[in-house]
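Since the structure comes first, as structure tokens, the remarks are kept for the end.
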Amino acid sequence: MMDYLEVSKKGVKPPKFEKVPKHVAIVMDGNGRWANKRGLTRIEGHKAGEAALLDVVAGAIEAGVSELTVFAFSTENWKRSPEEVRFLMGFNKDVLRARRDQLNHWGVKVRWVGRRPKLWASVIDELEAAQALTNRNKVLTLTMCVNYGSRIEIVDAVNEIALLAAKKKIKPGSITEKSFGKMLSTNPLGDVDLFIRSSGEKRISNFLLWQSAYAELVFSEVLWPDFDRKQLWASIAEYSTRQRRFGGAIDSPKAKPVK
Ligand code: FPP
């Protein structure tokens, strides 16, 4: 098996970044278009996306990112053709099985976030096996969002809170942004610092809506199968140039005081 970290030891090094995002989220988009441009099936595009993901994980480790969250299958992806859905289910399972030792070797902690209903039991088994194997790792947390949708995640949390309130375990009016965030399935992951979408589409597509409230957005024209650690690093470099204000303001030394 090719060791992607070994590749970097042969000369591809990340540049020095002024700021490294702690939590990077990626919508890995463009597999279908990449394949169609080559006269291949969409399925071939997804297959080509696997190496891109592994390279990006390696690049994230090298850059010092500690949380990487990727959108592997959305709650809306069930609308795709039965063949594509079947392929994506099987593929998620196969990729996890084939790569978990590699990821474990790199110190990656794999986590699954998403809903159980509809998701193939064999995929859940594989996700849970990868979680158990890598549970103690600390280098990078790779969260695989499989059967994930942000609105339903928020609605699930609201229903949970309503239930707790009905049981008088929490008081109405006592919920805060912090306590609500803890009810989300991504907890204990922090807010997203850098949100990347490949393939030129400029949408969030129901991914980590709450968590990305103050994320810096970077849209790359590169189709996912062509995305690699260098594209990740370019996105981090772009992030480094952004001034994050979280709703606050920055005083300019030249600004005249308002009278
Ligand atoms: C979006 O491209 C991609 C997906 C819905 C699947 C994501 C899967 C991968 C990147 C393969 C990596 C492997 C795993 C198991 C995570 P698209 O099909 O929407 O492309 P299009 O917009 O060009 O049609």
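Labels used: A, B, ... for chains in the order of the structure tokens, numbers from 1 for residues in each chain, and numbers from 1 for ligands as shown.
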So that I can see what lies close to Cys145 of chain A, please list as an mmCIF file with N, CA, C and O atoms, in the first residue's frame the residues with an atom at most 9 Å from it, counting only C-alpha atoms and leaving out residues fewer than 5 positions away in the same chain.
```cif
data_model
loop_
_atom_site.group_PDB
_atom_site.id
_atom_site.type_symbol
_atom_site.label_atom_id
_atom_site.label_comp_id
_atom_site.auth_asym_id
_atom_site.auth_seq_id
_atom_site.Cartn_x
_atom_site.Cartn_y
_atom_site.Cartn_z
ATOM 1 N N THR A 69 -13.483 17.218 8.902
ATOM 2 C CA THR A 69 -14.828 16.651 8.816
ATOM 3 C C THR A 69 -15.257 16.642 7.367
ATOM 4 O O THR A 69 -15.224 17.687 6.704
ATOM 5 N N VAL A 70 -15.601 15.466 6.853
ATOM 6 C CA VAL A 70 -15.912 15.367 5.415
ATOM 7 C C VAL A 70 -17.328 14.833 5.191
ATOM 8 O O VAL A 70 -17.831 14.006 5.948
ATOM 9 N N PHE A 71 -17.927 15.341 4.114
ATOM 10 C CA PHE A 71 -19.300 14.967 3.762
ATOM 11 C C PHE A 71 -19.217 13.782 2.794
ATOM 12 O O PHE A 71 -18.904 13.959 1.619
ATOM 13 N N ALA A 72 -19.464 12.580 3.291
ATOM 14 C CA ALA A 72 -19.338 11.396 2.450
ATOM 15 C C ALA A 72 -20.675 10.976 1.844
ATOM 16 O O ALA A 72 -20.724 10.433 0.743
ATOM 17 N N PHE A 73 -21.773 11.221 2.584
ATOM 18 C CA PHE A 73 -23.101 10.852 2.069
ATOM 19 C C PHE A 73 -24.145 11.657 2.846
ATOM 20 O O PHE A 73 -24.175 11.609 4.073
ATOM 21 N N SER A 74 -24.969 12.387 2.115
ATOM 22 C CA SER A 74 -25.931 13.246 2.807
ATOM 23 C C SER A 74 -27.287 12.567 2.921
ATOM 24 O O SER A 74 -27.585 11.611 2.185
ATOM 25 N N ARG A 111 -14.263 9.004 13.223
ATOM 26 C CA ARG A 111 -15.565 9.143 13.896
ATOM 27 C C ARG A 111 -16.659 9.197 12.855
ATOM 28 O O ARG A 111 -16.480 9.794 11.791
ATOM 29 N N TRP A 112 -17.781 8.599 13.170
ATOM 30 C CA TRP A 112 -18.933 8.683 12.283
ATOM 31 C C TRP A 112 -19.960 9.628 12.884
ATOM 32 O O TRP A 112 -20.283 9.536 14.077
ATOM 33 N N VAL A 113 -20.464 10.509 12.056
ATOM 34 C CA VAL A 113 -21.579 11.362 12.451
ATOM 35 C C VAL A 113 -22.650 11.230 11.386
ATOM 36 O O VAL A 113 -22.358 11.297 10.191
ATOM 37 N N GLY A 114 -23.871 10.983 11.801
ATOM 38 C CA GLY A 114 -24.972 10.843 10.848
ATOM 39 C C GLY A 114 -26.116 10.098 11.498
ATOM 40 O O GLY A 114 -26.054 9.750 12.683
#
```
Checklist entry - Skipping near chain neighbours, those fewer than 5 positions away, what residues fall within 12 Å of Leu88 of chain A using only C-alpha atoms, listed as an MDAnalysis selection string? => result chainID A and resid 31 42:47 49:50 72:74 77:78 80:83 93:95 119:120 123 146:147
Would you save the residues from that selection as an mmCIF file, in the first residue's frame, using N, CA, C and O atoms?
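Here's the written file result.cif:
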```
data_model
loop_
_atom_site.group_PDB
_atom_site.id
_atom_site.type_symbol
_atom_site.label_atom_id
_atom_site.label_comp_id
_atom_site.auth_asym_id
_atom_site.auth_seq_id
_atom_site.Cartn_x
_atom_site.Cartn_y
_atom_site.Cartn_z
ATOM 1 N N ASN A 31 -17.182 14.637 -8.226
ATOM 2 C CA ASN A 31 -16.776 13.305 -8.712
ATOM 3 C C ASN A 31 -17.486 12.952 -10.018
ATOM 4 O O ASN A 31 -16.881 12.425 -10.943
ATOM 5 N N ARG A 42 -20.292 7.832 -13.305
ATOM 6 C CA ARG A 42 -20.187 8.581 -12.049
ATOM 7 C C ARG A 42 -19.482 7.751 -10.976
ATOM 8 O O ARG A 42 -18.727 8.276 -10.158
ATOM 9 N N ILE A 43 -19.738 6.449 -11.034
ATOM 10 C CA ILE A 43 -19.130 5.538 -10.058
ATOM 11 C C ILE A 43 -17.603 5.582 -10.135
ATOM 12 O O ILE A 43 -16.904 5.588 -9.113
ATOM 13 N N GLU A 44 -17.095 5.666 -11.358
ATOM 14 C CA GLU A 44 -15.637 5.771 -11.531
ATOM 15 C C GLU A 44 -15.122 7.062 -10.884
ATOM 16 O O GLU A 44 -14.012 7.107 -10.353
ATOM 17 N N GLY A 45 -15.937 8.087 -10.934
ATOM 18 C CA GLY A 45 -15.566 9.365 -10.302
ATOM 19 C C GLY A 45 -15.437 9.220 -8.794
ATOM 20 O O GLY A 45 -14.486 9.714 -8.190
ATOM 21 N N HIS A 46 -16.389 8.517 -8.191
ATOM 22 C CA HIS A 46 -16.311 8.314 -6.734
ATOM 23 C C HIS A 46 -15.070 7.504 -6.386
ATOM 24 O O HIS A 46 -14.381 7.794 -5.401
ATOM 25 N N LYS A 47 -14.806 6.486 -7.212
ATOM 26 C CA LYS A 47 -13.614 5.655 -6.946
ATOM 27 C C LYS A 47 -12.357 6.515 -6.944
ATOM 28 O O LYS A 47 -11.470 6.342 -6.112
ATOM 29 N N GLY A 49 -12.188 9.480 -6.125
ATOM 30 C CA GLY A 49 -12.222 10.398 -4.977
ATOM 31 C C GLY A 49 -11.558 9.835 -3.733
ATOM 32 O O GLY A 49 -11.198 10.578 -2.826
ATOM 33 N N GLU A 50 -11.382 8.555 -3.693
ATOM 34 C CA GLU A 50 -10.802 7.928 -2.502
ATOM 35 C C GLU A 50 -9.356 8.391 -2.270
ATOM 36 O O GLU A 50 -8.971 8.766 -1.161
ATOM 37 N N ALA A 72 -19.464 12.580 3.291
ATOM 38 C CA ALA A 72 -19.338 11.396 2.450
ATOM 39 C C ALA A 72 -20.675 10.976 1.844
ATOM 40 O O ALA A 72 -20.724 10.433 0.743
ATOM 41 N N PHE A 73 -21.773 11.221 2.584
ATOM 42 C CA PHE A 73 -23.101 10.852 2.069
ATOM 43 C C PHE A 73 -24.145 11.657 2.846
ATOM 44 O O PHE A 73 -24.175 11.609 4.073
ATOM 45 N N SER A 74 -24.969 12.387 2.115
ATOM 46 C CA SER A 74 -25.931 13.246 2.807
ATOM 47 C C SER A 74 -27.287 12.567 2.921
ATOM 48 O O SER A 74 -27.585 11.611 2.185
ATOM 49 N N ASN A 77 -28.777 12.410 -0.367
ATOM 50 C CA ASN A 77 -28.174 11.589 -1.429
ATOM 51 C C ASN A 77 -28.984 10.327 -1.759
ATOM 52 O O ASN A 77 -28.738 9.682 -2.786
ATOM 53 N N TRP A 78 -29.968 9.988 -0.909
ATOM 54 C CA TRP A 78 -30.815 8.824 -1.210
ATOM 55 C C TRP A 78 -31.630 9.045 -2.474
ATOM 56 O O TRP A 78 -32.150 8.103 -3.058
ATOM 57 N N ARG A 80 -30.514 9.852 -5.282
ATOM 58 C CA ARG A 80 -29.748 9.452 -6.476
ATOM 59 C C ARG A 80 -30.221 8.086 -6.972
ATOM 60 O O ARG A 80 -31.002 7.410 -6.313
ATOM 61 N N SER A 81 -29.751 7.663 -8.133
ATOM 62 C CA SER A 81 -30.223 6.395 -8.706
ATOM 63 C C SER A 81 -29.897 5.250 -7.745
ATOM 64 O O SER A 81 -28.907 5.320 -6.992
ATOM 65 N N PRO A 82 -30.727 4.193 -7.764
ATOM 66 C CA PRO A 82 -30.461 3.068 -6.855
ATOM 67 C C PRO A 82 -29.058 2.486 -7.043
ATOM 68 O O PRO A 82 -28.406 2.118 -6.060
ATOM 69 N N GLU A 83 -28.562 2.493 -8.281
ATOM 70 C CA GLU A 83 -27.210 1.941 -8.537
ATOM 71 C C GLU A 83 -26.159 2.790 -7.819
ATOM 72 O O GLU A 83 -25.228 2.275 -7.212
ATOM 73 N N LYS A 93 -18.134 1.481 2.930
ATOM 74 C CA LYS A 93 -17.743 0.305 3.712
ATOM 75 C C LYS A 93 -16.357 -0.187 3.291
ATOM 76 O O LYS A 93 -15.475 -0.393 4.130
ATOM 77 N N ASP A 94 -16.145 -0.318 1.984
ATOM 78 C CA ASP A 94 -14.874 -0.845 1.475
ATOM 79 C C ASP A 94 -13.702 0.084 1.791
ATOM 80 O O ASP A 94 -12.620 -0.373 2.150
ATOM 81 N N VAL A 95 -13.945 1.396 1.625
ATOM 82 C CA VAL A 95 -12.864 2.352 1.871
ATOM 83 C C VAL A 95 -12.454 2.296 3.342
ATOM 84 O O VAL A 95 -11.270 2.265 3.681
ATOM 85 N N LEU A 119 -29.585 3.917 6.837
ATOM 86 C CA LEU A 119 -28.182 3.596 6.555
ATOM 87 C C LEU A 119 -27.955 2.093 6.662
ATOM 88 O O LEU A 119 -28.450 1.456 7.587
ATOM 89 N N TRP A 120 -27.224 1.537 5.701
ATOM 90 C CA TRP A 120 -26.992 0.097 5.702
ATOM 91 C C TRP A 120 -26.312 -0.336 7.005
ATOM 92 O O TRP A 120 -25.329 0.291 7.445
ATOM 93 N N VAL A 123 -22.656 -0.800 6.760
ATOM 94 C CA VAL A 123 -21.860 0.437 6.759
ATOM 95 C C VAL A 123 -21.672 0.911 8.204
ATOM 96 O O VAL A 123 -20.568 1.293 8.606
ATOM 97 N N VAL A 146 -21.795 10.511 7.303
ATOM 98 C CA VAL A 146 -22.441 9.524 6.438
ATOM 99 C C VAL A 146 -23.914 9.462 6.843
ATOM 100 O O VAL A 146 -24.220 9.170 8.003
ATOM 101 N N ASN A 147 -24.782 9.719 5.887
ATOM 102 C CA ASN A 147 -26.217 9.903 6.154
ATOM 103 C C ASN A 147 -26.407 11.064 7.128
ATOM 104 O O ASN A 147 -27.117 10.967 8.117
#
```
Item to check | Those in segment 111-249 of chain A with alpha helix (DSSP H) from DSSP, as a ChimeraX atom specification | outcome: /A:121-134,150-166,177-183,229-241
Checklist entry - Do you know which residues are at most 10 Å from Gln231 of chain A counting only C-alpha atoms, after dropping those on the same chain fewer than 5 positions away, and could you put them as a ChimeraX atom specification? => result /A:56,59,198,220,222,226,236-237
Those same residues, written as an mmCIF file, in the first residue's frame with N, CA, C and O atoms?
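Result went into part26.cif, see below:
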```
data_model
loop_
_atom_site.group_PDB
_atom_site.id
_atom_site.type_symbol
_atom_site.label_atom_id
_atom_site.label_comp_id
_atom_site.auth_asym_id
_atom_site.auth_seq_id
_atom_site.Cartn_x
_atom_site.Cartn_y
_atom_site.Cartn_z
ATOM 1 N N VAL A 56 -5.590 14.217 1.204
ATOM 2 C CA VAL A 56 -5.983 15.394 1.991
ATOM 3 C C VAL A 56 -5.836 15.122 3.489
ATOM 4 O O VAL A 56 -5.400 15.996 4.246
ATOM 5 N N GLY A 59 -2.230 15.502 4.121
ATOM 6 C CA GLY A 59 -1.870 16.929 4.054
ATOM 7 C C GLY A 59 -2.358 17.701 5.267
ATOM 8 O O GLY A 59 -1.697 18.642 5.722
ATOM 9 N N SER A 198 -15.176 21.786 -3.023
ATOM 10 C CA SER A 198 -14.500 21.645 -4.311
ATOM 11 C C SER A 198 -15.512 21.752 -5.441
ATOM 12 O O SER A 198 -16.721 21.781 -5.204
ATOM 13 N N SER A 220 -13.185 26.005 -4.129
ATOM 14 C CA SER A 220 -12.128 25.673 -5.085
ATOM 15 C C SER A 220 -12.757 25.198 -6.388
ATOM 16 O O SER A 220 -13.749 24.478 -6.373
ATOM 17 N N VAL A 222 -11.363 23.174 -8.381
ATOM 18 C CA VAL A 222 -10.854 21.825 -8.667
ATOM 19 C C VAL A 222 -11.918 20.762 -8.351
ATOM 20 O O VAL A 222 -12.541 20.807 -7.296
ATOM 21 N N ASP A 226 -9.387 15.507 -8.389
ATOM 22 C CA ASP A 226 -8.116 16.189 -8.644
ATOM 23 C C ASP A 226 -7.641 16.978 -7.427
ATOM 24 O O ASP A 226 -6.591 17.626 -7.464
ATOM 25 N N ILE A 236 -5.758 26.619 2.949
ATOM 26 C CA ILE A 236 -5.302 27.076 4.271
ATOM 27 C C ILE A 236 -4.562 28.414 4.125
ATOM 28 O O ILE A 236 -4.717 29.324 4.956
ATOM 29 N N ALA A 237 -3.797 28.541 3.059
ATOM 30 C CA ALA A 237 -3.071 29.804 2.818
ATOM 31 C C ALA A 237 -4.080 30.939 2.636
ATOM 32 O O ALA A 237 -3.901 32.040 3.172
#
```
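Compared by their closest atoms to Val110 of chain A, and using only C-alpha atoms, the residues A:Asn92, A:Asn135, A:Asp251, A:Ala98 rank with A:Asn135 nearest.
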Item to check | Counting only C-alpha atoms, the option among A:Met144, A:Thr241, A:Leu189, A:Gly248 closest to Lys19 of chain A | outcome: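 Using only C-alpha atoms, Lys19 of chain A sits closest to A:Thr241.
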Checklist entry - Got a sec to tell me which of segment 34-252 of chain A DSSP assigns to strand (DSSP E or B), as an NGL selection string? => result :A and (67-74 or 108-113 or 140-148 or 194-197 or 216-219)
Keeping only C-alpha atoms, take the residues you just selected and write them out as a short mmCIF file (atom, residue, chain, number, x, y, z; two decimals), in the first residue's frame.
```cif
data_model
loop_
_atom_site.label_atom_id
_atom_site.label_comp_id
_atom_site.auth_asym_id
_atom_site.auth_seq_id
_atom_site.Cartn_x
_atom_site.Cartn_y
_atom_site.Cartn_z
CA GLU A 67 -10.11 18.14 13.09
CA LEU A 68 -11.16 17.23 9.55
CA THR A 69 -14.83 16.65 8.82
CA VAL A 70 -15.91 15.37 5.42
CA PHE A 71 -19.30 14.97 3.76
CA ALA A 72 -19.34 11.40 2.45
CA PHE A 73 -23.10 10.85 2.07
CA SER A 74 -25.93 13.25 2.81
CA VAL A 108 -6.08 9.31 12.96
CA LYS A 109 -9.16 8.94 15.11
CA VAL A 110 -12.10 8.04 12.86
CA ARG A 111 -15.56 9.14 13.90
CA TRP A 112 -18.93 8.68 12.28
CA VAL A 113 -21.58 11.36 12.45
CA LEU A 140 -6.22 14.14 13.84
CA THR A 141 -9.93 13.43 14.23
CA LEU A 142 -11.42 12.47 10.87
CA THR A 143 -15.19 12.74 11.09
CA MET A 144 -17.00 10.93 8.31
CA CYS A 145 -20.46 12.42 7.84
CA VAL A 146 -22.44 9.52 6.44
CA ASN A 147 -26.22 9.90 6.15
CA TYR A 148 -25.79 13.38 7.59
CA LEU A 194 -12.34 26.64 7.42
CA PHE A 195 -15.13 25.31 5.18
CA ILE A 196 -13.98 24.08 1.76
CA ARG A 197 -16.10 23.00 -1.17
CA GLU A 216 -14.24 31.08 6.53
CA LEU A 217 -15.53 29.73 3.22
CA VAL A 218 -13.18 28.69 0.44
CA PHE A 219 -14.60 27.49 -2.87
#
```
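Proximity of A:Val192, A:Ile154, A:Ile26, A:Val20 to ligand 1, computed with only C-alpha atoms and all ligand atoms, is greatest for A:Ile26.
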Item to check | Pick from A:Asp101, A:Gln211, A:Val85, A:Asn36, whichever lies nearest to Pro188 of chain A using only C-alpha atoms | outcome: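 Between A:Asp101, A:Gln211, A:Val85, A:Asn36, the residue approaching Pro188 of chain A most closely is A:Gln211.
Here the question is which of A:Arg244, A:His23, A:Lys37, A:Arg151 gets nearest to ligand 1 using only C-alpha atoms and all ligand atoms, and that residue is A:Lys37.
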Checklist entry - Can you tell me, as a ChimeraX atom specification, what residues are no more than 8 Å from Tyr214 of chain A when counting only C-alpha atoms, ignoring any on the same chain fewer than 4 positions away? => result /A:191-193,246
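Nearest-residue note for Ala51 of chain A: choosing from A:Phe207, A:Trp224, A:Phe180, A:Trp233, the minimum distance belongs to A:Trp224, counting only C-alpha atoms.
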Next on the checklist: Between atom CA of Leu40 of chain A and atom CA of Ala58 of chain A, what distance in Å does the model show, to one decimal?
Outcome noted: 27.3 Å
Checklist entry - What is the distance between atom 20 (O, counted along the ligand's line) of ligand 1 and atom CA of Ser199 of chain A, in Å to one decimal? => result 8.1 Å
